[in-house]
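Input: a single structure, listed below in structure tokens.
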Amino acid sequence: MANIYLLRHEKVLGPPALYGHSDVDVATELQTKLADKINQSLRFQHVITSPLKRCNELCKVLTRQDANLTYEVTPHLQEMNFGDIDGVPFSQLPEYESQLDEFSRNPATTPLPNAESLSEFHVRVAEKWWDLCKTVKQDTLIVTHGGVIRMILSEVLKLDWKQAELYNKLQIRNATVTHLELFPEHGYWVSVKSIGAPLTDCVS
């Protein structure tokens with residue numbers, strides 16, 4: 001059995017926007033505090049991260065603190081690419097208001113301009129997730145994004161990834177942990193221990 005901890009990155013610097021592939025920072029102080037909380041709450045030997053700075057910079061802090069951690073960066077666990085409006089503050093997008101509203105209600109059938117489709121996002125994340133299930137041998141921290149965590153949960157719980165409710169109603173706050181137990185010896189059975197829990201509730 002291996003513990004898998006899916007950690008959503010800390011709150012980014014910047015006004016409200018859809019931050020997908022946009023490489024925005026998290027304040028250094030927040031990254032350091034989050035690393036300290038992780039070290040107090042979780043035990044793991046391997047770290048996997050999205051290459052985006054809001055995730056990867058945290059992992060750099062963790063590996064500086066513990067030289068024994070093995071460390072892997074994978075682009076497959078980046079957030080969804082929101083195309084032309086990725087990273088643009090909502091206050092600057094009045095002409096996209098109706099399109100954003102439709103996307104929030106029907107994300108699978110209403111792609112944003114020049115964006116990754118929800119189907120493409122699903123395939124990218126799902127393929128990487130099942131690949132990880134076959135290769136993970138140690139307790140592992142995965143530092144990633146809210147959309148990626150929801151997509152992994154849709155695979156584990158056999159939820160319909162096309163439904164807007166998965167993204168609109170399932171709350172996964174910044175700096176929270178979704179804890180999974182993986183049992184490779186039982187056909188990669190996965191038990192969900194917690195979803196979007198504060199680190200203080202996830203002592204291992």
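Letters for chains follow the order of the structure tokens (A, B, ...), residue numbers begin at 1 for each chain, and ligand numbers begin at 1 in the order shown.
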
Task: Shell around Thr200 in chain A at 10 Å using only C-alpha atoms, local window under 3 positions removed, as a PyMOL selection string - done: chain A and resi 37-38+40-42+176-177+197+203

Write to file, as a PDB file, in the first residue's frame, the residues of the selection just made, with N, CA and C atoms.
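The new file selection.pdb reads:
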ATOM      1  N   LYS A  37       4.368  23.326   7.238  1.00  0.00           N
ATOM      2  CA  LYS A  37       3.152  22.590   7.616  1.00  0.00           C
ATOM      3  C   LYS A  37       3.177  21.170   7.054  1.00  0.00           C
ATOM      4  N   ILE A  38       3.641  21.041   5.814  1.00  0.00           N
ATOM      5  CA  ILE A  38       3.737  19.716   5.194  1.00  0.00           C
ATOM      6  C   ILE A  38       4.672  18.823   5.999  1.00  0.00           C
ATOM      7  N   GLN A  40       5.402  18.985   9.070  1.00  0.00           N
ATOM      8  CA  GLN A  40       4.825  18.678  10.378  1.00  0.00           C
ATOM      9  C   GLN A  40       3.711  17.638  10.288  1.00  0.00           C
ATOM     10  N   SER A  41       3.065  17.535   9.112  1.00  0.00           N
ATOM     11  CA  SER A  41       1.841  16.737   8.999  1.00  0.00           C
ATOM     12  C   SER A  41       1.987  15.441   8.208  1.00  0.00           C
ATOM     13  N   LEU A  42       2.848  15.417   7.199  1.00  0.00           N
ATOM     14  CA  LEU A  42       2.884  14.297   6.262  1.00  0.00           C
ATOM     15  C   LEU A  42       4.247  13.626   6.243  1.00  0.00           C
ATOM     16  N   THR A 176      -4.707  22.618   0.477  1.00  0.00           N
ATOM     17  CA  THR A 176      -5.385  21.500   1.125  1.00  0.00           C
ATOM     18  C   THR A 176      -4.938  20.186   0.493  1.00  0.00           C
ATOM     19  N   VAL A 177      -5.197  19.103   1.219  1.00  0.00           N
ATOM     20  CA  VAL A 177      -4.720  17.779   0.815  1.00  0.00           C
ATOM     21  C   VAL A 177      -5.889  16.836   0.561  1.00  0.00           C
ATOM     22  N   ALA A 197      -8.769  18.506   2.472  1.00  0.00           N
ATOM     23  CA  ALA A 197      -8.682  18.682   3.927  1.00  0.00           C
ATOM     24  C   ALA A 197      -7.514  19.585   4.301  1.00  0.00           C
ATOM     25  N   VAL A 203      -2.535  14.257   9.510  1.00  0.00           N
ATOM     26  CA  VAL A 203      -1.286  13.799  10.120  1.00  0.00           C
ATOM     27  C   VAL A 203      -1.064  12.334   9.780  1.00  0.00           C
TER      28      VAL A 203
END

Task: Residue contacts of range 88-99 of chain A (7 Å, only C-alpha atoms) excluding same-chain residues fewer than 6 positions away, as a ChimeraX atom specification - done: /A:15-17

Take the residues from that selection and write them out as an mmCIF file, in the first residue's frame, keeping C-alpha atoms.
data_model
loop_
_atom_site.group_PDB
_atom_site.id
_atom_site.type_symbol
_atom_site.label_atom_id
_atom_site.label_comp_id
_atom_site.auth_asym_id
_atom_site.auth_seq_id
_atom_site.Cartn_x
_atom_site.Cartn_y
_atom_site.Cartn_z
ATOM 1 C CA PRO A 15 -6.090 39.431 -9.345
ATOM 2 C CA PRO A 16 -8.958 36.943 -9.833
ATOM 3 C CA ALA A 17 -8.534 35.106 -13.145
#

TODO: Name the residues of chain A that fall into strand (DSSP E or B) according to DSSP on the backbone, using the chain letters and numbers of this document, as number ranges by chain.
DONE: A: 2-8, 17, 46-49, 70-73, 89, 140-144, 176-183, 189-198

N, CA and C atoms of the current selection, written as a short mmCIF file (atom, residue, chain, number, x, y, z; two decimals), in the first residue's frame:
data_model
loop_
_atom_site.label_atom_id
_atom_site.label_comp_id
_atom_site.auth_asym_id
_atom_site.auth_seq_id
_atom_site.Cartn_x
_atom_site.Cartn_y
_atom_site.Cartn_z
N ALA A 2 0.45 2.24 -0.75
CA ALA A 2 1.17 3.53 -0.79
C ALA A 2 0.18 4.66 -0.54
N ASN A 3 0.60 5.62 0.27
CA ASN A 3 -0.20 6.84 0.46
C ASN A 3 0.11 7.83 -0.64
N ILE A 4 -0.93 8.39 -1.22
CA ILE A 4 -0.79 9.44 -2.23
C ILE A 4 -1.45 10.70 -1.68
N TYR A 5 -0.67 11.76 -1.58
CA TYR A 5 -1.19 13.03 -1.08
C TYR A 5 -1.25 14.02 -2.24
N LEU A 6 -2.46 14.39 -2.64
CA LEU A 6 -2.65 15.38 -3.70
C LEU A 6 -2.79 16.75 -3.04
N LEU A 7 -1.81 17.60 -3.22
CA LEU A 7 -1.80 18.92 -2.59
C LEU A 7 -2.06 19.99 -3.63
N ARG A 8 -3.08 20.80 -3.38
CA ARG A 8 -3.28 21.97 -4.24
C ARG A 8 -2.35 23.09 -3.76
N ALA A 17 -8.65 35.48 -11.73
CA ALA A 17 -8.53 35.11 -13.14
C ALA A 17 -8.53 33.59 -13.24
N HIS A 46 8.71 10.49 -1.87
CA HIS A 46 8.81 10.89 -3.28
C HIS A 46 7.88 12.08 -3.52
N VAL A 47 8.31 13.01 -4.36
CA VAL A 47 7.52 14.19 -4.70
C VAL A 47 7.36 14.26 -6.22
N ILE A 48 6.13 14.49 -6.66
CA ILE A 48 5.84 14.72 -8.07
C ILE A 48 5.17 16.08 -8.17
N THR A 49 5.56 16.88 -9.16
CA THR A 49 5.00 18.23 -9.25
C THR A 49 4.71 18.65 -10.68
N THR A 70 13.12 12.01 -3.35
CA THR A 70 13.24 11.93 -4.80
C THR A 70 12.18 12.83 -5.40
N TYR A 71 12.45 13.36 -6.60
CA TYR A 71 11.73 14.53 -7.10
C TYR A 71 11.50 14.37 -8.60
N GLU A 72 10.26 14.54 -9.03
CA GLU A 72 9.91 14.36 -10.44
C GLU A 72 9.01 15.51 -10.89
N VAL A 73 9.29 16.07 -12.05
CA VAL A 73 8.47 17.13 -12.63
C VAL A 73 7.77 16.57 -13.86
N PRO A 89 -7.07 38.97 -16.00
CA PRO A 89 -8.01 39.28 -14.93
C PRO A 89 -9.45 39.35 -15.44
N THR A 140 3.84 9.18 -1.55
CA THR A 140 4.16 10.21 -2.54
C THR A 140 3.30 11.45 -2.35
N LEU A 141 3.95 12.61 -2.40
CA LEU A 141 3.26 13.90 -2.42
C LEU A 141 3.21 14.39 -3.86
N ILE A 142 2.00 14.70 -4.34
CA ILE A 142 1.82 15.26 -5.68
C ILE A 142 1.34 16.70 -5.53
N VAL A 143 2.16 17.65 -5.94
CA VAL A 143 1.81 19.06 -5.83
C VAL A 143 1.26 19.51 -7.18
N THR A 144 -0.01 19.89 -7.20
CA THR A 144 -0.67 20.13 -8.48
C THR A 144 -1.78 21.18 -8.32
N THR A 176 -4.71 22.62 0.48
CA THR A 176 -5.39 21.50 1.13
C THR A 176 -4.94 20.19 0.49
N VAL A 177 -5.20 19.10 1.22
CA VAL A 177 -4.72 17.78 0.81
C VAL A 177 -5.89 16.84 0.56
N THR A 178 -5.80 16.12 -0.53
CA THR A 178 -6.69 15.00 -0.82
C THR A 178 -5.85 13.73 -0.67
N HIS A 179 -6.22 12.91 0.30
CA HIS A 179 -5.41 11.75 0.68
C HIS A 179 -6.02 10.48 0.10
N LEU A 180 -5.23 9.78 -0.70
CA LEU A 180 -5.64 8.51 -1.29
C LEU A 180 -4.72 7.41 -0.81
N GLU A 181 -5.27 6.22 -0.63
CA GLU A 181 -4.47 5.03 -0.38
C GLU A 181 -4.54 4.13 -1.60
N LEU A 182 -3.40 3.76 -2.13
CA LEU A 182 -3.30 2.95 -3.34
C LEU A 182 -2.85 1.54 -2.97
N PHE A 183 -3.58 0.55 -3.47
CA PHE A 183 -3.26 -0.86 -3.20
C PHE A 183 -2.94 -1.57 -4.51
N TRP A 189 -6.52 -0.84 -6.50
CA TRP A 189 -7.65 -0.32 -5.73
C TRP A 189 -7.22 0.96 -5.02
N VAL A 190 -8.12 1.96 -5.03
CA VAL A 190 -7.82 3.24 -4.38
C VAL A 190 -8.90 3.54 -3.35
N SER A 191 -8.48 3.85 -2.15
CA SER A 191 -9.37 4.29 -1.09
C SER A 191 -9.19 5.78 -0.87
N VAL A 192 -10.30 6.52 -0.84
CA VAL A 192 -10.25 7.97 -0.62
C VAL A 192 -10.40 8.25 0.87
N LYS A 193 -9.34 8.76 1.48
CA LYS A 193 -9.34 9.01 2.92
C LYS A 193 -9.84 10.41 3.26
N SER A 194 -9.56 11.38 2.39
CA SER A 194 -10.04 12.75 2.61
C SER A 194 -9.97 13.51 1.30
N ILE A 195 -10.79 14.55 1.19
CA ILE A 195 -10.81 15.41 0.00
C ILE A 195 -10.73 16.86 0.46
N GLY A 196 -9.74 17.58 -0.05
CA GLY A 196 -9.62 19.00 0.25
C GLY A 196 -9.54 19.31 1.73
N ALA A 197 -8.77 18.51 2.47
CA ALA A 197 -8.68 18.68 3.93
C ALA A 197 -7.51 19.58 4.30
N PRO A 198 -7.65 20.37 5.37
CA PRO A 198 -6.51 21.14 5.86
C PRO A 198 -5.38 20.21 6.26
#

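Across A:Asn39, A:Asn174, A:Asn168, A:Ser22, the tightest approach to Leu69 in chain A is made by A:Asn39 when counting only C-alpha atoms.
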
- [ ] Could you give me, as a list in words, the residues within 7 Å of range 149-159 of chain A, counting only C-alpha atoms and dropping anything in the same chain fewer than 3 positions from it?
- [x]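 So the residues in contact are Leu6, His122, Val125, Ala126, Trp129, His145, Gly146, Leu166 and Val190 of chain A.
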
Same residues, C-alpha atoms, saved as a compact mmCIF listing (two decimals), in the first residue's frame:
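Ended up saving to result.txt:
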# COMPACT_ATOMS: atom_id res chain seq x y z
CA LEU A 6 -2.65 15.38 -3.70
CA HIS A 122 -9.20 14.54 -19.10
CA VAL A 125 -4.49 13.70 -16.58
CA ALA A 126 -6.14 10.26 -16.61
CA TRP A 129 -2.71 9.02 -13.16
CA HIS A 145 -3.83 22.12 -9.27
CA GLY A 146 -7.51 22.08 -8.40
CA LEU A 166 -17.49 18.38 -10.50
CA VAL A 190 -7.82 3.24 -4.38

Open item on the list: Among range 5-124 of chain A, which residues does DSSP mark as helix (DSSP H, G or I) when it is run on the backbone? Keep the chain and numbering as in the structure and answer as an MDAnalysis selection string.
Closed with: chainID A and resid 28:41 53:65 75:77 83:85 90:92 94:105 118:124

TODO: Tell me, as a list in words, which residues lie within 10 Å of Phe82 in chain A, counting only C-alpha atoms; anything in the same chain fewer than 3 positions away does not count.
DONE: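 Within the cut-off, the hits are Leu18, Tyr19, Gly20, His21, Ser22, Glu79, Ile85, Asp86, Gly87, Val88, Pro111, Leu112, Pro113, Asn114, Ala115, Glu116, Ser117 and Leu118 of chain A.
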
Hey, can you spit out that residue selection with C-alpha atoms as a compact mmCIF listing (two decimals), in the first residue's frame?
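The file below, again-v9.txt, is the result:
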# COMPACT_ATOMS: atom_id res chain seq x y z
CA LEU A 18 -8.45 31.65 -14.70
CA TYR A 19 -4.84 30.70 -14.03
CA GLY A 20 -4.20 27.60 -16.10
CA HIS A 21 -0.85 27.42 -17.88
CA SER A 22 -0.01 31.01 -16.88
CA GLU A 79 -3.68 22.87 -14.84
CA ILE A 85 -8.15 34.26 -21.48
CA ASP A 86 -5.66 32.25 -19.42
CA GLY A 87 -4.26 34.53 -16.72
CA VAL A 88 -6.22 37.60 -17.87
CA PRO A 111 -14.51 25.29 -25.04
CA LEU A 112 -12.92 28.67 -24.52
CA PRO A 113 -11.13 30.30 -27.49
CA ASN A 114 -7.82 28.56 -28.33
CA ALA A 115 -8.03 26.60 -25.08
CA GLU A 116 -7.43 22.96 -24.27
CA SER A 117 -10.74 21.12 -24.43
CA LEU A 118 -12.05 19.39 -21.32

TODO: Choose the residue, out of A:Gln138, A:Asn56, A:Ser50, A:Gln65, that has the smallest atom-to-atom separation from Asp25 in chain A; count only C-alpha atoms.
DONE: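 Of all the options, A:Asn56 lies closest to Asp25 in chain A.
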